[in-house]
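A.B. asks: Pasting input30.txt below, which is compact mmCIF, C-alpha atoms.
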# COMPACT_ATOMS: atom_id res chain seq x y z
CA MET L 36 8.20 13.02 -34.36
CA VAL L 37 7.65 9.42 -35.39
CA THR L 38 4.88 9.01 -37.92
CA GLU L 39 1.93 6.92 -36.81
CA ALA L 40 0.55 3.95 -38.68
CA SER L 41 -1.64 4.93 -41.61
CA ASN L 42 -4.75 3.29 -40.07
CA PRO L 43 -5.73 5.47 -37.10
CA SER L 44 -8.13 2.86 -35.73
CA THR L 45 -5.47 0.18 -35.45
CA GLU L 46 -5.11 -0.82 -31.81
CA GLN L 47 -1.69 -2.43 -32.07
CA HIS L 48 1.07 0.15 -32.48
CA THR L 49 4.79 -0.50 -32.62
CA GLU L 50 6.07 3.07 -32.36
CA THR L 51 6.97 5.03 -29.27
CA VAL L 52 6.62 8.74 -29.88
CA ALA L 53 9.11 10.82 -27.90
CA PRO L 54 8.96 14.47 -26.87
CA PRO L 55 10.51 16.80 -29.48
CA GLY L 56 14.08 17.96 -29.05
CA SER L 57 13.05 21.56 -28.45
CA LEU L 58 10.97 20.46 -25.47
CA TRP L 59 13.85 18.44 -24.00
CA ALA L 60 16.03 21.56 -24.25
CA ARG L 61 13.48 23.66 -22.35
CA MET L 62 13.01 21.01 -19.69
CA LYS L 63 16.76 20.63 -19.17
CA ALA L 64 17.12 24.40 -18.84
CA ASP L 65 14.25 24.58 -16.35
CA PRO L 66 13.84 21.12 -14.74
CA GLN L 67 11.76 22.38 -11.82
CA TYR L 68 8.98 23.24 -14.26
CA ALA L 69 9.49 20.31 -16.64
CA PRO L 70 5.91 18.98 -16.21
CA GLU L 71 4.48 22.39 -17.02
CA HIS L 72 6.63 22.71 -20.14
CA LEU L 73 5.58 19.21 -21.20
CA ALA L 74 1.88 19.91 -20.63
CA LEU L 75 1.96 23.14 -22.64
CA GLU L 76 3.83 21.52 -25.53
CA ALA L 77 1.57 18.46 -25.48
CA VAL L 78 -1.55 20.56 -25.87
CA ARG L 79 0.03 22.59 -28.70
CA ARG L 80 1.39 19.61 -30.61
CA LEU L 81 -0.88 16.73 -29.65
CA GLY L 82 -4.21 18.46 -29.10
CA PRO L 83 -4.96 18.87 -32.83
CA GLU L 84 -3.90 15.27 -33.40
CA ALA L 85 -6.36 14.05 -30.76
CA ALA L 86 -9.17 16.17 -32.21
CA ALA L 87 -8.55 14.81 -35.71
CA TRP L 88 -8.48 11.25 -34.36
CA ALA L 89 -11.83 11.63 -32.61
CA GLU L 90 -13.36 13.16 -35.74
CA ARG L 91 -12.11 10.27 -37.88
CA MET L 92 -13.36 7.67 -35.44
CA ARG L 93 -16.83 9.21 -35.32
CA ALA L 94 -16.95 9.48 -39.11
CA GLU L 95 -15.98 5.83 -39.54
CA ASN L 96 -18.61 4.66 -37.04
CA PRO L 97 -21.13 7.28 -35.93
CA GLU L 98 -22.69 4.76 -33.53
CA ARG L 99 -19.60 4.64 -31.33
CA THR L 100 -20.27 6.01 -27.88
CA PRO L 101 -17.83 8.29 -26.03
CA ASP L 102 -16.99 5.39 -23.74
CA GLN L 103 -16.14 3.19 -26.73
CA LEU L 104 -13.91 5.88 -28.21
CA ALA L 105 -12.18 6.28 -24.86
CA ASP L 106 -11.67 2.50 -24.76
CA LEU L 107 -9.79 2.69 -28.06
CA ALA L 108 -7.54 5.45 -26.78
CA VAL L 109 -6.78 3.69 -23.51
CA LYS L 110 -5.91 0.41 -25.24
CA ARG L 111 -3.68 2.20 -27.72
CA PHE L 112 -1.69 4.17 -25.19
CA THR L 113 -1.36 1.48 -22.55
CA THR L 114 0.23 -0.57 -25.33
CA LEU L 115 2.63 2.30 -26.04
CA ALA L 116 3.39 2.53 -22.32
CA ARG L 117 4.35 -1.15 -22.20
CA ILE L 118 6.52 -0.80 -25.28
CA SER L 119 8.30 2.28 -23.94
CA GLY L 120 9.23 0.31 -20.83
CA ALA L 121 10.53 -2.67 -22.76
CA VAL L 122 12.56 -1.39 -25.69
CA SER L 123 14.73 1.38 -24.27
CA GLY L 124 18.38 0.70 -24.87
CA ALA L 125 19.73 3.81 -23.16
CA THR L 126 21.55 3.28 -19.88
CA GLY L 127 22.37 5.21 -16.75
CA LEU L 128 20.77 8.49 -15.75
CA PRO L 129 20.12 9.72 -19.34
CA GLY L 130 18.34 6.46 -20.13
CA ALA L 131 16.14 6.70 -17.05
CA VAL L 132 15.22 10.31 -17.86
CA LEU L 133 14.43 9.32 -21.45
CA ASP L 134 12.18 6.51 -20.25
CA VAL L 135 10.08 8.67 -17.93
CA GLY L 136 9.95 11.52 -20.45
CA VAL L 137 8.59 9.26 -23.18
CA LEU L 138 6.11 7.75 -20.74
CA ALA L 139 4.85 11.15 -19.52
CA TRP L 140 4.54 12.41 -23.11
CA ASN L 141 2.49 9.44 -24.26
CA GLN L 142 0.33 9.60 -21.14
CA ALA L 143 -0.43 13.21 -22.05
CA ARG L 144 -1.37 12.05 -25.55
CA MET L 145 -3.76 9.53 -24.00
CA VAL L 146 -5.43 12.11 -21.76
CA LEU L 147 -5.98 14.45 -24.71
CA HIS L 148 -7.46 11.62 -26.76
CA ILE L 149 -9.81 10.73 -23.88
CA ALA L 150 -10.86 14.37 -23.63
CA ALA L 151 -11.62 14.39 -27.35
CA ALA L 152 -13.58 11.14 -27.03
CA TYR L 153 -15.91 12.81 -24.54
CA GLY L 154 -16.37 15.94 -26.63
CA HIS L 155 -13.88 18.27 -24.95
CA ASP L 156 -11.52 20.32 -27.12
CA PRO L 157 -8.09 18.67 -26.67
CA ALA L 158 -6.32 21.73 -28.07
CA ALA L 159 -7.90 24.19 -25.62
CA SER L 160 -5.49 25.88 -23.24
CA GLU L 161 -7.28 24.52 -20.16
CA ARG L 162 -6.24 20.99 -21.14
CA ALA L 163 -2.73 21.80 -19.92
CA THR L 164 -4.18 22.53 -16.49
CA ASP L 165 -6.15 19.27 -16.67
CA LEU L 166 -2.99 17.34 -17.46
CA LEU L 167 -1.13 18.66 -14.43
CA VAL L 168 -4.01 17.88 -12.06
CA LEU L 169 -4.81 14.49 -13.56
CA GLN L 170 -1.13 13.52 -13.52
CA ARG L 171 -0.98 14.71 -9.91
CA VAL L 172 1.73 17.27 -10.43
CA HIS L 173 -0.61 19.77 -8.73
CA LYS L 174 -3.55 19.04 -6.46
CA VAL L 175 -5.82 21.80 -7.71
CA ALA L 176 -6.32 23.74 -10.92
CA GLN L 177 -5.44 27.11 -9.40
CA THR L 178 -1.87 26.16 -8.57
CA ALA L 179 -1.51 24.35 -11.88
CA ARG L 180 -2.49 27.49 -13.77
CA LEU L 181 -0.03 29.57 -11.79
CA ALA L 182 2.81 27.15 -12.53
CA LEU L 183 1.87 27.08 -16.21
CA GLY L 184 2.02 30.86 -16.27
CA VAL L 185 5.52 30.77 -14.83
CA ALA L 186 6.64 28.09 -17.27
CA ALA L 187 5.21 30.03 -20.19
CA GLY L 188 7.26 33.07 -19.27
CA ARG L 189 4.44 35.24 -18.01
CA GLU L 190 5.54 35.51 -14.37
CA ARG L 191 9.19 36.42 -13.73
CA ALA L 192 10.49 33.46 -15.73
CA VAL L 193 13.98 34.94 -15.86
CA LYS L 194 14.49 34.09 -12.19
CA LEU L 195 13.74 30.44 -12.87
CA PHE L 196 16.70 30.14 -15.21
CA ALA L 197 19.16 32.05 -13.04
CA GLY L 198 22.19 29.86 -12.38
CA ALA L 199 20.96 27.03 -14.57
CA ALA L 200 24.08 27.08 -16.70
CA SER L 201 26.35 26.72 -13.65
CA ARG L 202 24.62 23.63 -12.25
CA PRO L 203 26.32 20.29 -12.97
CA LEU L 204 24.59 18.45 -15.79
CA SER L 205 24.14 15.36 -13.61
CA GLY L 206 22.24 17.43 -11.06
CA VAL L 207 20.02 18.93 -13.74
CA MET L 208 19.27 15.50 -15.20
CA MET L 209 18.48 14.03 -11.79
CA ARG L 210 16.06 16.83 -11.03
CA LEU L 211 14.49 16.55 -14.46
CA GLY L 212 14.12 12.79 -14.13
CA LEU L 213 12.44 13.03 -10.75
CA LYS L 214 9.96 15.67 -11.94
CA LEU L 215 9.06 13.66 -15.03
CA ALA L 216 8.75 10.48 -12.99
CA GLN L 217 6.35 12.27 -10.66
CA MET L 218 4.29 13.32 -13.68
CA ALA L 219 4.31 9.81 -15.14
CA GLY L 220 3.04 8.32 -11.90
CA VAL L 221 6.13 6.28 -11.08
CA ARG L 222 5.77 5.94 -7.32
CA ALA L 223 9.19 4.42 -6.76
CA ALA L 224 10.99 7.18 -8.66
CA LYS L 225 13.06 8.44 -5.74
CA ARG L 226 14.24 4.95 -4.85
CA LEU L 227 15.07 4.10 -8.45
CA PHE L 228 17.11 7.25 -9.01
CA ALA L 229 18.84 7.02 -5.62
CA LYS L 230 20.22 3.61 -6.53
CA MET L 231 21.68 4.82 -9.80
CA ILE L 232 25.42 4.99 -10.36
CA PRO L 233 27.26 6.16 -13.48
CA GLY L 234 26.84 3.58 -16.20
CA ALA L 235 24.04 1.74 -14.45
CA SER L 236 21.03 0.73 -16.50
CA ILE L 237 17.48 1.48 -15.41
CA VAL L 238 14.68 0.56 -17.77
CA LEU L 239 11.22 1.17 -16.39
CA GLY L 240 9.36 -2.12 -16.37
CA THR L 241 6.40 -2.79 -18.60
CA TRP L 242 4.19 -3.48 -15.58
CA VAL L 243 5.11 -0.19 -13.90
CA ASN L 244 4.41 1.82 -17.06
CA SER L 245 1.17 0.02 -17.80
CA ALA L 246 -0.18 0.29 -14.26
CA ALA L 247 0.61 4.00 -14.01
CA THR L 248 -1.01 4.65 -17.39
CA LYS L 249 -4.16 2.68 -16.53
CA ASP L 250 -4.54 4.59 -13.26
CA LEU L 251 -4.27 7.87 -15.15
CA ALA L 252 -6.77 6.66 -17.76
CA ASN L 253 -9.33 5.88 -15.06
CA ARG L 254 -8.96 9.36 -13.56
CA ALA L 255 -9.25 11.04 -16.95
CA ARG L 256 -12.36 9.09 -17.87
CA ASP L 257 -14.02 9.97 -14.57
CA VAL L 258 -13.36 13.66 -15.22
CA TYR L 259 -14.25 13.95 -18.88
CA ARG L 260 -17.43 11.90 -18.62
CA HIS L 261 -18.89 14.78 -16.65
CA ALA L 262 -19.28 17.58 -19.16
CA ARG L 263 -20.29 20.04 -16.46
CA ARG L 264 -17.09 19.47 -14.47
CA PRO L 265 -14.35 21.28 -16.43
CA ASP L 266 -12.08 21.41 -13.36
CA PRO L 267 -10.59 17.93 -12.82
CA ALA L 268 -9.93 18.72 -9.17
CA ALA L 269 -13.68 18.84 -8.59
CA ALA L 270 -14.20 15.30 -9.85
CA LEU L 271 -11.12 14.06 -8.00
CA GLY L 272 -12.23 15.54 -4.69
CA GLY L 273 -9.74 18.41 -4.60
CA SER L 274 -10.53 21.64 -2.79
CA PRO L 275 -10.04 25.07 -4.36
CA GLY L 276 -7.11 27.27 -3.42
With the file now loaded, output its structure as C-alpha cells.
C.D. replies:
Amino acid sequence: MVTEASNPSTEQHTETVAPPGSLWARMKADPQYAPEHLALEAVRRLGPEAAAWAERMRAENPERTPDQLADLAVKRFTTLARISGAVSGATGLPGAVLDVGVLAWNQARMVLHIAAAYGHDPAASERATDLLVLQRVHKVAQTARLALGVAAGRERAVKLFAGAASRPLSGVMMRLGLKLAQMAGVRAAKRLFAKMIPGASIVLGTWVNSAATKDLANRARDVYRHARRPDPAAALGGSPG
C-alpha cells in the first residue's frame, strides 16, 4: 500500500492508493462477489486508518465539528478520485478494471472516514454492510449482509468458485470490471465496457470519478449524521427485506 503524506491534515494528496494484491486475487477468483470482498477488506484494512485519522484531527483541533471533519475527508478523497481518473497509464480491459477498482477502493476509504467523523466506528463489521448499501450494490442491509456472508465463506462459498478456473480470463475480467464499476457509481459502465476491443484504452474521466464520489459522499453524510439510524437503507428510503 502506498504510504500517505506525513501530515494527515493536508488536503492536497498526490498518491492513489490501490487495493492490495491479495484482494485483487480474491476478486478475480470470485468476480460476482467482488464488491463484497472489497467492502470486507476495506473495513479490515482501512477502518483502523480512518479511526486514527479522526482521533488525530480532533486532537489537533477539538473545536472541529463532525461536519467540518467530514468536509476534510470529502475534499481529500474527491481529489484522489480525480487523480485516479487522470493518471492511469494502463490500457484495454485490464486498465479499465484497474481504474474502477482503485476508484471503488478510495470511495470506501472516504465513506469510512466520514463514518469516523460522525463518531461511528469505521472498523466495525457493520460498516461493510453500510458500504454496499451506500454504494448501491444492494438496496437494503439484509441482502447486503447475506452477500457478505457468502463472500466471507460462511454460506456455501465453495459453489461460488466452481468452474472459475475454466472461465476465460477475459470473461472474468469483464465481469469483475462491471461489478466494480457498479460499486464505484459509474453509470455508463456497460456502455464503456461494451465498446472495448483488445488493446483499446479506457481511462475513466476525472469528471466521472469526481461526480460519482461526490454523490456517494452526500449519501454517506446524510446517513452518518443521524446517530440513531445505523441502517443506511433507512435514511436512503429503502424498505426492509
A.B. asks: With distances taken over all atoms listed in the file, which of L:Arg171, L:Lys249, L:Arg91, L:Arg210 is nearest to Met145 (chain L)?
C.D. replies: L:Lys249
A.B. asks: Let me have the centre and edge lengths in Å, one decimal, of the box along x, y and z around every listed atom of region 133-146 of chain L with 6 Å of margin on each side, as AutoDock Vina command-line options.
C.D. replies:
--center_x 4.5 --center_y 9.9 --center_z -21.7 --size_x 31.9 --size_y 18.7 --size_z 19.6
A.B. asks: Please determine, counting all atoms listed in the file, which residue among L:Ala116, L:Ser245, L:His72, L:Pro55 has the shortest atom-to-atom distance to Ala179 (chain L).
C.D. replies: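 With all atoms listed in the file as the atom set, the closest residue is L:His72.
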A.B. asks: Out of L:Arg254, L:Lys63, L:Arg180, L:Lys110, which residue has the shortest atom-to-atom distance to Leu75 (chain L) when counting all atoms listed in the file?
C.D. replies: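 Under the stated criterion, the closest residue is L:Arg180.
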A.B. asks: Go through L:Ala69, L:Ala105, L:Val185, L:Ala86 one by one, measure the shortest atom-to-atom distance of each to Val135 (chain L) using all atoms listed in the file, and give the residue with the smallest value.
C.D. replies: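 Under the stated criterion, the closest residue is L:Ala69.
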A.B. asks: Between CA of Ala152 (chain L) and CA of Val137 (chain L), what distance in Å does the model show, to one decimal?
C.D. replies: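 According to the coordinates, CA of Ala152 (chain L) and CA of Val137 (chain L) are separated by 22.6 Å.
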A.B. asks: May I ask which of the residues L:Met218, L:Ala64, L:Leu147, L:Met209 is the closest one to Ala163 (chain L), counting all atoms listed in the file?
C.D. replies: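 Ranking L:Met218, L:Ala64, L:Leu147, L:Met209 by distance to Ala163 (chain L), first place goes to L:Leu147.
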A.B. asks: Between L:Arg79, L:Asn244, L:Glu161, L:Ala131, which has the minimum distance to Gly184 (chain L) (counting all atoms listed in the file)?
C.D. replies: L:Glu161
A.B. asks: Would you mind reading off the distance between CA of Ala252 (chain L) and CA of Tyr68 (chain L), one decimal, in Å?
C.D. replies: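 Straight-line distance from CA of Ala252 (chain L) to CA of Tyr68 (chain L) works out to 23.1 Å.
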A.B. asks: With a distance cut-off of 10 Å and only C-alpha atoms, select the neighbouring residues of Glu84 (chain L), excluding the residue or stretch itself and same-chain residues fewer than 3 positions from it, and output the selection as a VMD selection string.
C.D. replies: chain L and resid 78 to 81 87 to 90 144 147 to 148 151 157 to 158
A.B. asks: Please, what distance in Å, to one decimal, runs between CA of Pro129 (chain L) and CA of Asp65 (chain L)?
C.D. replies: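 Straight-line distance from CA of Pro129 (chain L) to CA of Asp65 (chain L) works out to 16.3 Å.
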